[in-house]
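Student: Take a look at model-v8.cif, mmCIF, C-alpha atoms:
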data_target
#
loop_
_atom_site.label_atom_id
_atom_site.label_comp_id
_atom_site.auth_asym_id
_atom_site.auth_seq_id
_atom_site.Cartn_x
_atom_site.Cartn_y
_atom_site.Cartn_z
CA MET A 1 89.92 18.46 70.57
CA PRO A 2 86.97 18.16 72.94
CA VAL A 3 86.34 20.99 75.35
CA GLY A 4 87.66 20.38 78.82
CA GLN A 5 90.34 17.89 77.70
CA PRO A 6 93.98 18.63 78.41
CA ASP A 7 96.06 19.79 75.48
CA ALA A 8 97.98 16.95 73.87
CA PHE A 9 101.19 18.89 74.31
CA GLY A 10 100.49 19.88 77.93
CA PRO A 11 100.24 23.31 79.39
CA PRO A 12 102.42 26.04 77.92
CA PRO A 13 105.79 26.53 79.56
CA GLY A 14 105.58 28.69 82.66
CA GLY A 15 102.14 27.52 83.69
CA GLN A 16 98.76 28.90 82.75
CA PRO A 17 98.70 32.10 80.64
CA THR A 18 97.94 35.15 82.79
CA ALA A 19 96.13 38.29 81.86
CA PRO A 20 98.40 41.31 81.41
CA LYS A 21 98.69 43.33 84.61
CA ARG A 22 97.06 46.75 84.59
CA SER A 23 99.28 49.60 85.58
CA LYS A 24 98.32 51.10 88.90
CA ILE A 25 99.15 54.57 87.59
CA GLY A 26 97.32 54.29 84.28
CA TRP A 27 94.69 56.74 85.56
CA LEU A 28 97.34 59.47 85.33
CA ARG A 29 96.96 59.46 81.53
CA PHE A 30 93.53 60.98 82.05
CA ALA A 31 94.02 62.91 85.29
CA VAL A 32 97.03 65.00 84.21
CA PRO A 33 95.38 66.62 81.14
CA VAL A 34 92.21 67.30 83.15
CA LEU A 35 94.28 68.88 85.92
CA VAL A 36 96.17 71.05 83.40
CA VAL A 37 92.90 72.30 81.89
CA VAL A 38 91.39 73.05 85.32
CA ILE A 39 94.47 74.93 86.56
CA GLY A 40 94.86 76.84 83.28
CA GLY A 41 91.18 77.82 83.30
CA GLY A 42 91.43 78.92 86.92
CA LEU A 43 94.46 81.11 86.20
CA PHE A 44 92.70 82.64 83.19
CA LEU A 45 89.61 83.47 85.27
CA PHE A 46 91.72 84.85 88.13
CA ASN A 47 93.62 87.14 85.73
CA HIS A 48 90.42 88.13 83.96
CA PHE A 49 88.74 89.27 87.16
CA THR A 50 91.78 90.73 88.97
CA GLY A 51 93.83 91.87 85.96
CA THR A 52 92.92 94.33 83.26
CA GLY A 53 91.16 91.89 80.92
CA SER A 54 87.70 92.93 82.08
CA ALA A 55 88.62 96.47 83.17
CA GLN A 56 86.46 99.26 81.77
CA ALA A 57 86.25 103.04 82.10
CA GLY A 58 85.55 103.94 85.74
CA ASP A 59 87.40 100.91 87.18
CA CYS A 60 90.44 101.52 89.36
CA LEU A 61 93.84 99.86 89.18
CA SER A 62 96.92 99.50 91.32
CA VAL A 63 99.95 100.30 89.16
CA THR A 64 103.35 99.98 90.81
CA GLU A 65 105.38 101.06 87.80
CA PHE A 66 104.76 102.50 84.33
CA SER A 67 107.33 100.52 82.32
CA ARG A 68 107.59 97.42 80.16
CA LYS A 69 109.22 95.38 82.95
CA ALA A 70 106.57 96.29 85.52
CA ASP A 71 104.12 93.84 87.02
CA ASP A 72 100.70 93.72 85.42
CA PRO A 73 98.31 96.23 86.95
CA LYS A 74 95.66 94.80 89.24
CA LYS A 75 92.00 95.78 89.23
CA ILE A 76 91.07 97.02 92.69
CA ASP A 77 88.28 98.81 94.55
CA CYS A 78 88.53 102.57 93.96
CA GLY A 79 88.40 103.28 97.72
CA ALA A 80 91.49 101.18 98.48
CA PRO A 81 94.67 103.15 99.27
CA GLU A 82 96.54 101.18 96.56
CA ALA A 83 94.04 102.30 93.88
CA ASN A 84 96.27 104.96 92.39
CA VAL A 85 94.73 105.28 88.91
CA LYS A 86 91.24 105.16 87.40
CA ILE A 87 90.53 104.15 83.82
CA GLY A 88 89.30 107.20 81.93
CA ALA A 89 88.95 105.33 78.64
CA ARG A 90 89.75 101.97 77.08
CA VAL A 91 90.66 102.16 73.40
CA ALA A 92 91.90 99.74 70.73
CA GLY A 93 95.65 99.18 70.80
CA ASP A 94 96.35 101.42 67.81
CA GLU A 95 94.02 104.27 68.85
CA SER A 96 94.99 107.38 70.78
CA CYS A 97 93.62 108.31 74.16
CA PRO A 98 91.16 111.21 74.36
CA GLU A 99 92.70 114.65 74.79
CA GLY A 100 94.44 115.04 78.15
CA ASP A 101 97.34 114.19 80.41
CA TYR A 102 96.59 110.46 80.60
CA ASP A 103 99.10 107.86 81.67
CA THR A 104 98.77 104.82 79.43
CA ILE A 105 99.24 101.11 79.68
CA SER A 106 99.16 99.08 76.48
CA MET A 107 98.16 95.43 76.68
CA THR A 108 99.03 93.14 73.79
CA GLY A 109 98.03 89.60 73.05
CA ARG A 110 94.86 88.02 71.75
CA MET A 111 93.08 91.32 72.44
CA SER A 112 95.27 94.41 72.18
CA TYR A 113 94.03 97.52 73.92
CA LYS A 114 95.24 100.66 75.65
CA LEU A 115 94.07 101.96 79.02
CA CYS A 116 93.99 105.75 79.39
CA LEU A 117 94.55 106.42 83.09
CA VAL A 118 93.57 109.30 85.37
CA ILE A 119 95.27 109.76 88.74
CA ASN A 120 92.80 108.52 91.40
CA VAL A 121 92.89 111.25 94.06
CA LYS A 122 90.66 113.64 95.95
CA GLN A 123 91.29 117.11 97.28
CA GLY A 124 93.70 117.00 100.22
CA ASP A 125 95.53 113.83 99.10
CA CYS A 126 99.32 113.92 98.92
CA LEU A 127 101.35 111.92 96.43
CA LYS A 128 104.79 110.46 96.00
CA GLY A 129 105.90 109.54 92.47
CA LEU A 130 104.10 112.35 90.63
CA LYS A 131 107.38 113.68 89.22
CA SER A 132 108.70 110.22 88.25
CA ASP A 133 108.50 109.00 84.65
CA THR A 134 108.03 105.36 85.67
CA ALA A 135 107.05 105.03 89.35
CA GLY A 136 103.41 104.42 90.17
CA TYR A 137 101.72 107.09 92.25
CA GLN A 138 101.57 106.46 95.99
CA LYS A 139 99.26 108.23 98.39
CA VAL A 140 101.32 109.34 101.38
CA SER A 141 100.79 111.44 104.46
CA CYS A 142 101.05 115.15 103.74
CA THR A 143 103.76 115.36 106.42
CA ASP A 144 105.87 112.74 104.59
CA PRO A 145 109.11 114.41 103.40
CA ALA A 146 109.05 112.17 100.29
CA LYS A 147 105.81 113.69 98.99
CA ASP A 148 105.93 115.27 95.53
CA ALA A 149 102.60 117.05 95.52
CA GLU A 150 99.38 117.87 97.34
CA VAL A 151 96.04 117.91 95.53
CA VAL A 152 94.55 121.35 96.22
CA LYS A 153 91.51 121.06 93.93
CA VAL A 154 89.64 118.51 91.83
CA ALA A 155 87.33 120.09 89.25
CA GLY A 156 84.71 118.36 87.10
CA VAL A 157 85.84 120.19 83.95
CA ALA A 158 88.84 119.74 81.66
CA ASP A 159 90.25 123.27 81.99
CA LYS A 160 93.51 124.27 83.68
CA ALA A 161 92.00 127.71 84.29
CA SER A 162 89.92 126.07 87.04
CA CYS A 163 93.12 126.00 89.12
CA GLU A 164 93.38 129.81 89.14
CA GLY A 165 92.98 131.31 92.59
CA THR A 166 94.42 128.22 94.31
CA GLU A 167 97.93 127.43 95.54
CA ALA A 168 98.38 125.10 92.55
CA THR A 169 101.72 125.11 90.78
CA GLY A 170 100.72 122.39 88.30
CA ALA A 171 97.66 120.75 86.81
CA ALA A 172 96.54 117.66 84.92
CA THR A 173 93.48 117.74 82.69
CA TYR A 174 91.46 114.89 81.24
CA SER A 175 88.65 115.17 78.70
CA THR A 176 87.07 111.78 79.56
CA PRO A 177 85.72 112.03 82.17
CA PRO A 178 86.08 115.82 82.26
CA THR A 179 88.46 116.40 85.17
CA THR A 180 91.18 118.80 86.24
CA LEU A 181 93.55 117.99 89.09
CA CYS A 182 95.30 120.99 90.62
CA PHE A 183 98.60 120.21 92.39
CA LYS A 184 100.84 122.13 94.72
CA THR A 185 104.20 120.51 94.05
CA ALA A 186 106.91 120.20 96.67
#
As structure tokens, please, write out the structure in this file.

Tutor:
Amino acid sequence: MPVGQPDAFGPPPGGQPTAPKRSKIGWLRFAVPVLVVVIGGGLFLFNHFTGTGSAQAGDCLSVTEFSRKADDPKKIDCGAPEANVKIGARVAGDESCPEGDYDTISMTGRMSYKLCLVINVKQGDCLKGLKSDTAGYQKVSCTDPAKDAEVVKVAGVADKASCEGTEATGAATYSTPPTTLCFKTA
């Protein structure tokens, strides 16, 4: 049949064939996976920089509770009032902390590790939660009736004998970094 001539049988029923309509939301097939990757990457980076993923010895954390159901500790500036512990050492998940009275937090997952924690205080600080097995330490006013202890001396050696001659009734020692905290408990 010559080009440009009408079909011998006429046009198909329903008029001229039309091109299939494109869905106006077809772009979602591409946008949703990209959005998921961007949000997931952002959450990973946020946790890496504010959580314990990048935390090393010398960094401080805010720990509200030492238990399995507790919130993840947050990395924080050591001068902040909420910075209640400092990382003394970071060891592989199956290793032991150095010798001392460390609190520990074990992190499991793709990278398993244990954080060996030193109480982040200076002489004259008062604490609530020192006598608790699970509560995170809180710096409180020394006039607060809820205080457990007052720090009477911080020594740069790991030796409880460095508390002799003070009002201390208890001590915590850490070999890394070498530190002794002398407490007068309430």

Student: Got a sec: who's within 9 Å of Ala146 in chain A, counting all atoms listed in the file, leaving out chain neighbours fewer than 4 positions off, as a list in words?

Tutor: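 Near neighbours after the sequence-gap exclusion: Leu127, Lys128, Gly129 and Val140 of chain A.
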
Student: Hey, can you check how far CA of Gly58 in chain A sits from CA of Pro98 in chain A?

Tutor: 14.6 Å

Student: How many Å lie between CA of Gly79 in chain A and CA of Val121 in chain A, rounded to one decimal?

Tutor: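 Between CA of Gly79 in chain A and CA of Val121 in chain A the gap works out to 9.9 Å.
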
Student: Residue by residue, what does the PyMOL selection byres ((chain A and resi 151) around 8) grab here? Present the result as a PyMOL selection string.

Tutor: chain A and resi 121-126+149-150+152-154+181-184

Student: With C-alpha atoms retained, export the selected residues as an mmCIF file, keeping the file's coordinate frame.

Tutor:
data_model
loop_
_atom_site.group_PDB
_atom_site.id
_atom_site.type_symbol
_atom_site.label_atom_id
_atom_site.label_comp_id
_atom_site.auth_asym_id
_atom_site.auth_seq_id
_atom_site.Cartn_x
_atom_site.Cartn_y
_atom_site.Cartn_z
ATOM 1 C CA VAL A 121 92.890 111.250 94.060
ATOM 2 C CA LYS A 122 90.660 113.640 95.950
ATOM 3 C CA GLN A 123 91.290 117.110 97.280
ATOM 4 C CA GLY A 124 93.700 117.000 100.220
ATOM 5 C CA ASP A 125 95.530 113.830 99.100
ATOM 6 C CA CYS A 126 99.320 113.920 98.920
ATOM 7 C CA ALA A 149 102.600 117.050 95.520
ATOM 8 C CA GLU A 150 99.380 117.870 97.340
ATOM 9 C CA VAL A 152 94.550 121.350 96.220
ATOM 10 C CA LYS A 153 91.510 121.060 93.930
ATOM 11 C CA VAL A 154 89.640 118.510 91.830
ATOM 12 C CA LEU A 181 93.550 117.990 89.090
ATOM 13 C CA CYS A 182 95.300 120.990 90.620
ATOM 14 C CA PHE A 183 98.600 120.210 92.390
ATOM 15 C CA LYS A 184 100.840 122.130 94.720
#

Student: Excluding same-chain residues fewer than 6 positions from Cys116 in chain A, what lies within 12 Å of it counting all atoms listed in the file, as a VMD selection string?

Tutor: chain A and resid 55 to 61 85 to 93 95 to 107 174 to 177

Student: Mind pulling up the distance from CA of Thr180 in chain A to CA of Lys147 in chain A?

Tutor: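 If I compute the distance from CA of Lys147 in chain A to CA of Thr180 in chain A, I get 20.1 Å.
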
Student: Which residue out of A:Gly156, A:Pro73, A:Gly136, A:Pro145 has the minimum interatomic distance to Thr179 in chain A when all atoms listed in the file are used?

Tutor: A:Gly156

Student: I'd like the contact shell of Thr64 in chain A - 12 Å cut-off, all atoms listed in the file, skipping same-chain residues fewer than 5 positions apart - returned as a list of chain:residue names.

Tutor: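 The neighbour list is A:Lys69, A:Ala70, A:Asp71, A:Asp72, A:Pro73, A:Lys74, A:Glu82, A:Ala83, A:Asn84, A:Val85, A:Ile105, A:Lys128, A:Gly129, A:Ser132, A:Thr134, A:Ala135, A:Gly136, A:Tyr137, A:Gln138, A:Lys139.
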
Student: Rank A:Asp148, A:Asp94, A:Glu65, A:Glu167 by their smallest atom-to-atom distance to Thr185 in chain A, using all atoms listed in the file, and report the top residue only.

Tutor: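 Of A:Asp148, A:Asp94, A:Glu65, A:Glu167, the one nearest Thr185 in chain A is A:Asp148, counting all atoms listed in the file.
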
Student: From the coordinates supplied, range 110-141 of chain A should be written with C-alpha atoms, as an mmCIF file, in the first residue's frame.

Tutor:
data_model
loop_
_atom_site.group_PDB
_atom_site.id
_atom_site.type_symbol
_atom_site.label_atom_id
_atom_site.label_comp_id
_atom_site.auth_asym_id
_atom_site.auth_seq_id
_atom_site.Cartn_x
_atom_site.Cartn_y
_atom_site.Cartn_z
ATOM 1 C CA ARG A 110 30.113 -5.219 62.695
ATOM 2 C CA MET A 111 32.944 -4.044 64.966
ATOM 3 C CA SER A 112 32.804 -5.390 68.518
ATOM 4 C CA TYR A 113 34.756 -3.477 71.127
ATOM 5 C CA LYS A 114 34.765 -2.602 74.804
ATOM 6 C CA LEU A 115 35.215 0.859 76.294
ATOM 7 C CA CYS A 116 37.032 1.001 79.637
ATOM 8 C CA LEU A 117 35.671 4.076 81.405
ATOM 9 C CA VAL A 118 37.119 6.375 84.062
ATOM 10 C CA ILE A 119 34.855 8.703 86.045
ATOM 11 C CA ASN A 120 35.332 12.216 84.594
ATOM 12 C CA VAL A 121 35.716 14.424 87.681
ATOM 13 C CA LYS A 122 38.054 16.919 89.270
ATOM 14 C CA GLN A 123 38.821 17.651 92.890
ATOM 15 C CA GLY A 124 35.848 19.317 94.585
ATOM 16 C CA ASP A 125 33.187 17.737 92.333
ATOM 17 C CA CYS A 126 30.259 15.985 93.995
ATOM 18 C CA LEU A 127 28.470 13.002 92.495
ATOM 19 C CA LYS A 128 25.139 11.262 92.592
ATOM 20 C CA GLY A 129 24.980 7.654 91.372
ATOM 21 C CA LEU A 130 28.434 6.563 92.564
ATOM 22 C CA LYS A 131 26.934 3.842 94.760
ATOM 23 C CA SER A 132 24.493 2.616 92.082
ATOM 24 C CA ASP A 133 25.259 -0.488 90.021
ATOM 25 C CA THR A 134 23.482 0.855 86.925
ATOM 26 C CA ALA A 135 22.869 4.624 87.160
ATOM 27 C CA GLY A 136 25.205 6.923 85.279
ATOM 28 C CA TYR A 137 27.188 9.354 87.397
ATOM 29 C CA GLN A 138 25.746 12.840 87.745
ATOM 30 C CA LYS A 139 27.665 15.874 88.897
ATOM 31 C CA VAL A 140 25.563 17.656 91.504
ATOM 32 C CA SER A 141 25.989 20.546 93.893
#
